[in-house]
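Take a look at the structure below.
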Amino acid sequence: MSRPFSPKVVTASDLLEGDVIYLAADDTWVRDLAQAEVLTDEADADLRLLLAQSQPHRVVGAYLGDVRPGPDGIEPAHFREAFRRRGPSNYAHGKQEAYADV
Amino acid sequence: MYEYTEFDRAFLAERNAQFRAQVERRISGALTEEEFRPLRLMNGLYLQLHAYMLRVAIPYGTLNSAQMRQLALLADRWDKGYGHFTTRQNIQYNWPRLRDVPDMLDALAEVGLHAIQTSGNTIRNVTADHFAGAAADEVADPRPYAELIRQWSTDHPEFQFLGRKFKIAITGAEADRAVIRAHDIGLQITEQDGTRGFRVVVGGGLGRTPMIGQVIRDHLPEADLLPYLEAILSVYNLLGRRDNKYKARIKIMVHEHGIDEVRALVEDRFARIRPTFTGHDRQVLQDIARHFAPPAFDRAPTDAFDAGYAADPVFRSWADTNVAPHKAPGYGIVSISLKAHGATPGDATAEQMRVMADLARTYAHDELRISHEQNVILPHVHKAHLPAIHATLKAHGLATANIGLISDIIACPGMDYCALATARSIPIAQEIAMRFEDLKIEHDIGPLKIKISGCINACGHHHVGHIGILGLDRAGVENYQITLGGDATETAALGERAGPGFSAEEIVPAIERLVHAYLDLRETPEETFLQTWRRLGLAPFKAALYPAQAVAAE
Ligand code: HEM
Ligand code: SF4
């Protein structure tokens, strides 16, 4: 029996900005995890990752990151992904800064 | 200070133009990331967790005020208004955009700074004692040799594709402030029977397999430095392993072959190389040495210092803790702490950089140093100026009197920035500093070095901390392992693992138990943590760290 597939998102770094981006269902890249496409099927996830990897002029280092359902929608399964989503803990920089602006 | 020649300037300009074109080709899609990555790394550009990171070399840790001001300008214009000084005498900018990096490099070149060989399998930025040229206990200033090594190794065709990165550190004093025993090659200037030479240490390193370097030559004649280094490098280039990245450092070669075999190979190679060095390097060294002539020291009275010292306890505490003995009468070496309690170790804002630059220009013969302990040094300060300097530092959050104390923590960027991290280090450093500040006992504790790394690469030197903390990922949770008894100085030692790790919530209380145990165990207030450790060993400290287990075992 194969292992159950845990939900994933395609994530990468933006080539120009270097910041964290996620692949959305409409093939665009978004900066907010909440807008990312959640992949629950392994074959589908592999295809989406291939699509990301075919855009070297736009993204760097695309990979599949684990997510899980949380009270406010999906959330990262691992603390490393949680930091990527939020920014560093010593200053309110990174994505938390962007949120503070709105 | 070393001034660039026409050749240096032209080289840098060409190198920057090359990189600008490479960035353009990457953005246009002409270069893939696989092609671009080694090129950007050669120019100090990393891609980290949240952004690119630019690492700028500060050769042998020496800066003038114009260079420091330029570092501030980069922080303001292309980053978020601050920079991070590292254990390798570099500064890292955490938020540059790819398109801006060529402009940043050009701005650095204006003041003779660059990011070359701050990454990649090359000879990296040569680090030196941050008190070089000033310390009372020094045989000679090591920086002319560091600069000679830099010129010899920069773009050296034989050493651009080494098996792995290669780090050289140099000191001119017996008291080792440059951690030379934890470098691929460590050099100490020595004097025997009136002749100058080097004690050469090889095969040290931290990272996943930490090792203390061993002496390969006790007194290398001064004139043989470059041919001997070249002999070591070429033996390593041939004999060092390339099959496994983790075994490719020279420390593994020394470990596997033994120091005696390595020494024999190096001596053999040296005998063949030596005749090819016909004296040009000696000429270059003489030219370089002129740039490092000591400043014209003032012979002024120190009354202002004495008055301030008598009158102001805050100033007195700072002067006692942060000012070290200078070789010139009436002078002191000022360490400016970048470890305000609760701040990020090694970070300075652009404004703080400018304040330090101005102080250097006004009071300190225009010189600054960056220490591997992530602080900034004013190496030549007449004591009469200390009260004024202290007042300015205080006004800018730079007067923390904690050099060498428990809150003067080395911490790597950890998982707040670093893509390789397994846990965070910065918040742990912040919490420890805050906790002991609340307890108001750090001056009572005395000299104690805590060093924190966010993964086994050991950029935070945890193996050689009196207390080392290593952040790991244990089943998806941050976990912190403690090592005890490490030492980064001339009595270098690797710390011993204390036992199972602690969670992020448990680690600060664990450190507190450890320190209270030391306070109870020390024979006199003068006995340092390290001395107590050496006298008693692990057992009593372990009991303090793991009280529950100690009870269970009874
Ligand atoms: C943030 C990006 C960084 C990356 C990707 C990085 C990467 C690494 C790696 C892979 C090693 C292990 C090398 C080996 O064992 O062969 C290492 C070691 C080391 N790094 Fe870093 N590092 C980073 C930041 C820093 C910083 C901020 C410092 C200074 C605070 C630093 C100083 C060192 C030192 C001192 C060592 C251990 C000494 C040795 O090479 O044996 N690094 N680094
Ligand atoms: S020790 Fe690890 S986490 Fe810390 S800077 Fe080095 S590579 Fe990154």
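Each chain in the structure tokens gets a letter, A, B and so on, in the order shown; residues start at 1 in every chain, and ligands are counted from 1 in the order they appear.
Using only C-alpha atoms, the residues found no farther than 7 Å from Phe5 of chain A, other than those of its own chain fewer than 3 positions away, are A:Thr40, A:Asp41, A:Glu42.
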Inset, instruction - Excluding Pro325 of chain B and any residue of its chain fewer than 5 positions from it, enumerate the residues within 7 Å of it, using only C-alpha atoms, and give them as a PyMOL selection string. - result: chain B and resi 135-136+332-333
Legend entry - Within-8 Å residues of ligand 1, basis only C-alpha atoms and all ligand atoms, as a ChimeraX atom specification: /B:46,48,53,84-90,92,164-167,182-184,204-210,245-249,372,374,410-414,417-420,456-461
With a distance cut-off of 12 Å and only C-alpha atoms, select the neighbouring residues of Tyr91 of chain A, excluding the residue or stretch itself and same-chain residues fewer than 4 positions from it, and output the selection as a PDB file with C-alpha atoms, in the first residue's frame.
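What ended up in result_3.pdb:
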ATOM      1  CA  ARG A  86       5.967  35.154   7.806  1.00  0.00           C
ATOM      2  CA  GLY A  87       9.525  36.560   7.815  1.00  0.00           C
ATOM      3  CA  LYS A  95       5.999  39.197   4.530  1.00  0.00           C
ATOM      4  CA  GLN A  96       4.803  40.374   7.954  1.00  0.00           C
ATOM      5  CA  GLU A  97       5.938  43.848   6.893  1.00  0.00           C
TER       6      GLU A  97
ATOM      7  CA  LYS B  80      16.421  47.835   5.244  1.00  0.00           C
ATOM      8  CA  GLY B  81      18.679  50.255   7.054  1.00  0.00           C
ATOM      9  CA  TYR B  82      20.978  47.824   8.812  1.00  0.00           C
ATOM     10  CA  ASN B  94      19.828  40.516   4.161  1.00  0.00           C
ATOM     11  CA  GLY B 342      17.752  41.996  23.514  1.00  0.00           C
ATOM     12  CA  ALA B 343      19.247  43.198  20.219  1.00  0.00           C
ATOM     13  CA  THR B 344      20.348  40.933  17.370  1.00  0.00           C
ATOM     14  CA  ASP B 347      23.514  43.988  13.752  1.00  0.00           C
ATOM     15  CA  ASP B 416      15.459  33.657  10.715  1.00  0.00           C
ATOM     16  CA  TYR B 417      17.492  34.110   7.511  1.00  0.00           C
ATOM     17  CA  ILE B 426      18.883  34.899  17.165  1.00  0.00           C
ATOM     18  CA  PRO B 427      15.850  34.702  19.496  1.00  0.00           C
TER      19      PRO B 427
END
Would you write out, as a Markdown table, a table of all residues in chain A that have an atom no more than 10 Å from an atom of chain B, listing for each the closest atom pair and the distance in Å to one decimal, considering only C-alpha atoms and ordering rows by chain and rising residue number?
| residue | atom | partner | partner_atom | distance |
| --- | --- | --- | --- | --- |
| A:Ala12 | CA | B:Leu49 | CA | 9.9 |
| A:Ser13 | CA | B:Ala51 | CA | 7.8 |
| A:Asp14 | CA | B:Ala51 | CA | 8.5 |
| A:Leu15 | CA | B:Leu98 | CA | 7.5 |
| A:Leu16 | CA | B:Leu98 | CA | 5.2 |
| A:Glu17 | CA | B:Arg97 | CA | 5.1 |
| A:Gly18 | CA | B:Ala51 | CA | 4.2 |
| A:Asp19 | CA | B:Ala51 | CA | 4.8 |
| A:Val20 | CA | B:His50 | CA | 6.0 |
| A:Ile21 | CA | B:His50 | CA | 9.8 |
| A:Gln55 | CA | B:Gly29 | CA | 9.4 |
| A:Pro56 | CA | B:Thr32 | CA | 6.5 |
| A:His57 | CA | B:Gly29 | CA | 5.1 |
| A:Arg58 | CA | B:Ile27 | CA | 8.4 |
| A:Val59 | CA | B:Glu33 | CA | 9.2 |
| A:Val60 | CA | B:Glu33 | CA | 6.9 |
| A:Gly61 | CA | B:Glu33 | CA | 8.5 |
| A:Ala77 | CA | B:Gly476 | CA | 8.6 |
| A:His78 | CA | B:Gly476 | CA | 6.0 |
| A:Phe79 | CA | B:Gly476 | CA | 6.9 |
| A:Arg80 | CA | B:Met415 | CA | 7.3 |
| A:Glu81 | CA | B:Leu49 | CA | 9.3 |
| A:Phe83 | CA | B:Asp416 | CA | 7.1 |
| A:Arg84 | CA | B:Leu49 | CA | 6.2 |
| A:Arg85 | CA | B:His50 | CA | 8.8 |
| A:Arg86 | CA | B:His50 | CA | 9.1 |
| A:Gly87 | CA | B:His50 | CA | 6.6 |
| A:Pro88 | CA | B:Asp416 | CA | 4.4 |
| A:Ser89 | CA | B:Asp416 | CA | 6.2 |
| A:Asn90 | CA | B:Pro427 | CA | 6.8 |
| A:Tyr91 | CA | B:Thr344 | CA | 9.2 |
| A:His93 | CA | B:Lys80 | CA | 8.5 |
| A:Gly94 | CA | B:His50 | CA | 6.5 |
| A:Lys95 | CA | B:His50 | CA | 8.5 |
Legend entry - Those in segment 212-315 of chain B with strand (DSSP E or B) from DSSP, as a count of residues only: 8
Legend entry - Ala493 of chain B environment, 9 Å, only C-alpha atoms, sequence neighbours closer than 3 positions dropped, as a list in words: Met211, Ile212, His463, Val464, Gly485, Gly486, Asp487, Ala488 and Thr489 of chain B
Inset, instruction - For segment 389-398 of chain B, work out the shell of residues within 8 Å, counting only C-alpha atoms and skipping chain neighbours fewer than 3 positions away, then give it as a PyMOL selection string. - result: chain B and resi 315+336-338+340+352+355+359+363+385-386
Take the selection from the previous step and output its residues with C-alpha atoms, as a compact mmCIF listing (two decimals), in the first residue's frame.
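Result file is result11.txt:
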# COMPACT_ATOMS: atom_id res chain seq x y z
CA PHE B 315 31.53 55.11 32.48
CA ILE B 336 31.92 48.78 20.85
CA SER B 337 29.36 46.16 21.76
CA LEU B 338 26.82 45.25 19.07
CA ALA B 340 22.76 45.52 23.51
CA GLN B 352 25.02 53.50 14.22
CA VAL B 355 28.19 57.31 14.43
CA LEU B 359 34.01 58.61 16.22
CA TYR B 363 39.08 60.43 17.95
CA HIS B 385 38.78 60.90 24.58
CA LEU B 386 37.06 57.98 26.26
Inset, instruction - With a distance cut-off of 12 Å and only C-alpha atoms, select the neighbouring residues of Thr5 of chain B, excluding the residue or stretch itself and same-chain residues fewer than 6 positions from it, and output the selection as a ChimeraX atom specification. - result: /B:11-12,112,151,284,287-288,291
Write a file of the selected residues as a compact mmCIF listing (two decimals), in the first residue's frame, keeping N, CA, C and O atoms.
# COMPACT_ATOMS: atom_id res chain seq x y z
N PHE B 11 41.11 45.91 -11.74
CA PHE B 11 40.67 44.53 -11.58
C PHE B 11 39.24 44.49 -11.05
O PHE B 11 38.37 43.77 -11.56
N LEU B 12 39.00 45.30 -10.03
CA LEU B 12 37.68 45.31 -9.40
C LEU B 12 36.61 45.83 -10.36
O LEU B 12 35.51 45.29 -10.45
N GLY B 112 37.05 50.80 -2.20
CA GLY B 112 37.99 49.69 -2.14
C GLY B 112 37.47 48.46 -1.41
O GLY B 112 38.24 47.71 -0.83
N GLN B 151 46.48 39.25 -1.65
CA GLN B 151 46.88 39.55 -3.03
C GLN B 151 47.34 38.28 -3.75
O GLN B 151 47.07 38.10 -4.93
N VAL B 284 56.80 43.15 -2.61
CA VAL B 284 55.39 43.49 -2.43
C VAL B 284 55.10 43.69 -0.94
O VAL B 284 54.44 44.66 -0.54
N ASP B 287 56.19 47.02 0.27
CA ASP B 287 55.28 48.08 -0.16
C ASP B 287 54.03 48.09 0.71
O ASP B 287 53.54 49.14 1.12
N ILE B 288 53.50 46.88 0.94
CA ILE B 288 52.28 46.78 1.74
C ILE B 288 52.53 47.30 3.15
O ILE B 288 51.72 48.06 3.70
N HIS B 291 51.86 50.78 4.26
CA HIS B 291 50.48 51.23 4.49
C HIS B 291 50.02 50.96 5.92
O HIS B 291 48.99 51.46 6.34
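Minimum atom-to-atom distances from B:Ile452, B:Leu220, B:Val515, B:Ile170 to ligand 2 were compared using only C-alpha atoms and all ligand atoms, and the lowest value belongs to B:Ile452.
All residues of protein, DNA or RNA that reach within 9 Å of Arg269 of chain B, judged by only C-alpha atoms and not counting those fewer than 6 positions away in the chain, are Tyr228, Glu230, Ala231, Ile232, Ser234 and Val235 of chain B.
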With N, CA, C and O atoms retained, could you export that selection as a short mmCIF file (atom, residue, chain, number, x, y, z; two decimals), in the first residue's frame?
data_model
loop_
_atom_site.label_atom_id
_atom_site.label_comp_id
_atom_site.auth_asym_id
_atom_site.auth_seq_id
_atom_site.Cartn_x
_atom_site.Cartn_y
_atom_site.Cartn_z
N TYR B 228 55.51 28.42 1.43
CA TYR B 228 55.05 27.35 2.33
C TYR B 228 53.53 27.20 2.26
O TYR B 228 53.01 26.07 2.20
N GLU B 230 51.72 27.94 -0.30
CA GLU B 230 51.44 27.35 -1.60
C GLU B 230 51.70 25.84 -1.57
O GLU B 230 50.95 25.06 -2.18
N ALA B 231 52.73 25.44 -0.84
CA ALA B 231 53.01 24.01 -0.71
C ALA B 231 51.85 23.29 0.00
O ALA B 231 51.40 22.23 -0.44
N ILE B 232 51.35 23.88 1.08
CA ILE B 232 50.22 23.26 1.78
C ILE B 232 49.01 23.15 0.85
O ILE B 232 48.39 22.10 0.73
N SER B 234 48.88 23.11 -2.41
CA SER B 234 48.96 22.18 -3.53
C SER B 234 48.94 20.73 -3.05
O SER B 234 48.39 19.87 -3.75
N VAL B 235 49.47 20.46 -1.87
CA VAL B 235 49.32 19.10 -1.32
C VAL B 235 47.83 18.81 -1.10
O VAL B 235 47.32 17.75 -1.46
#
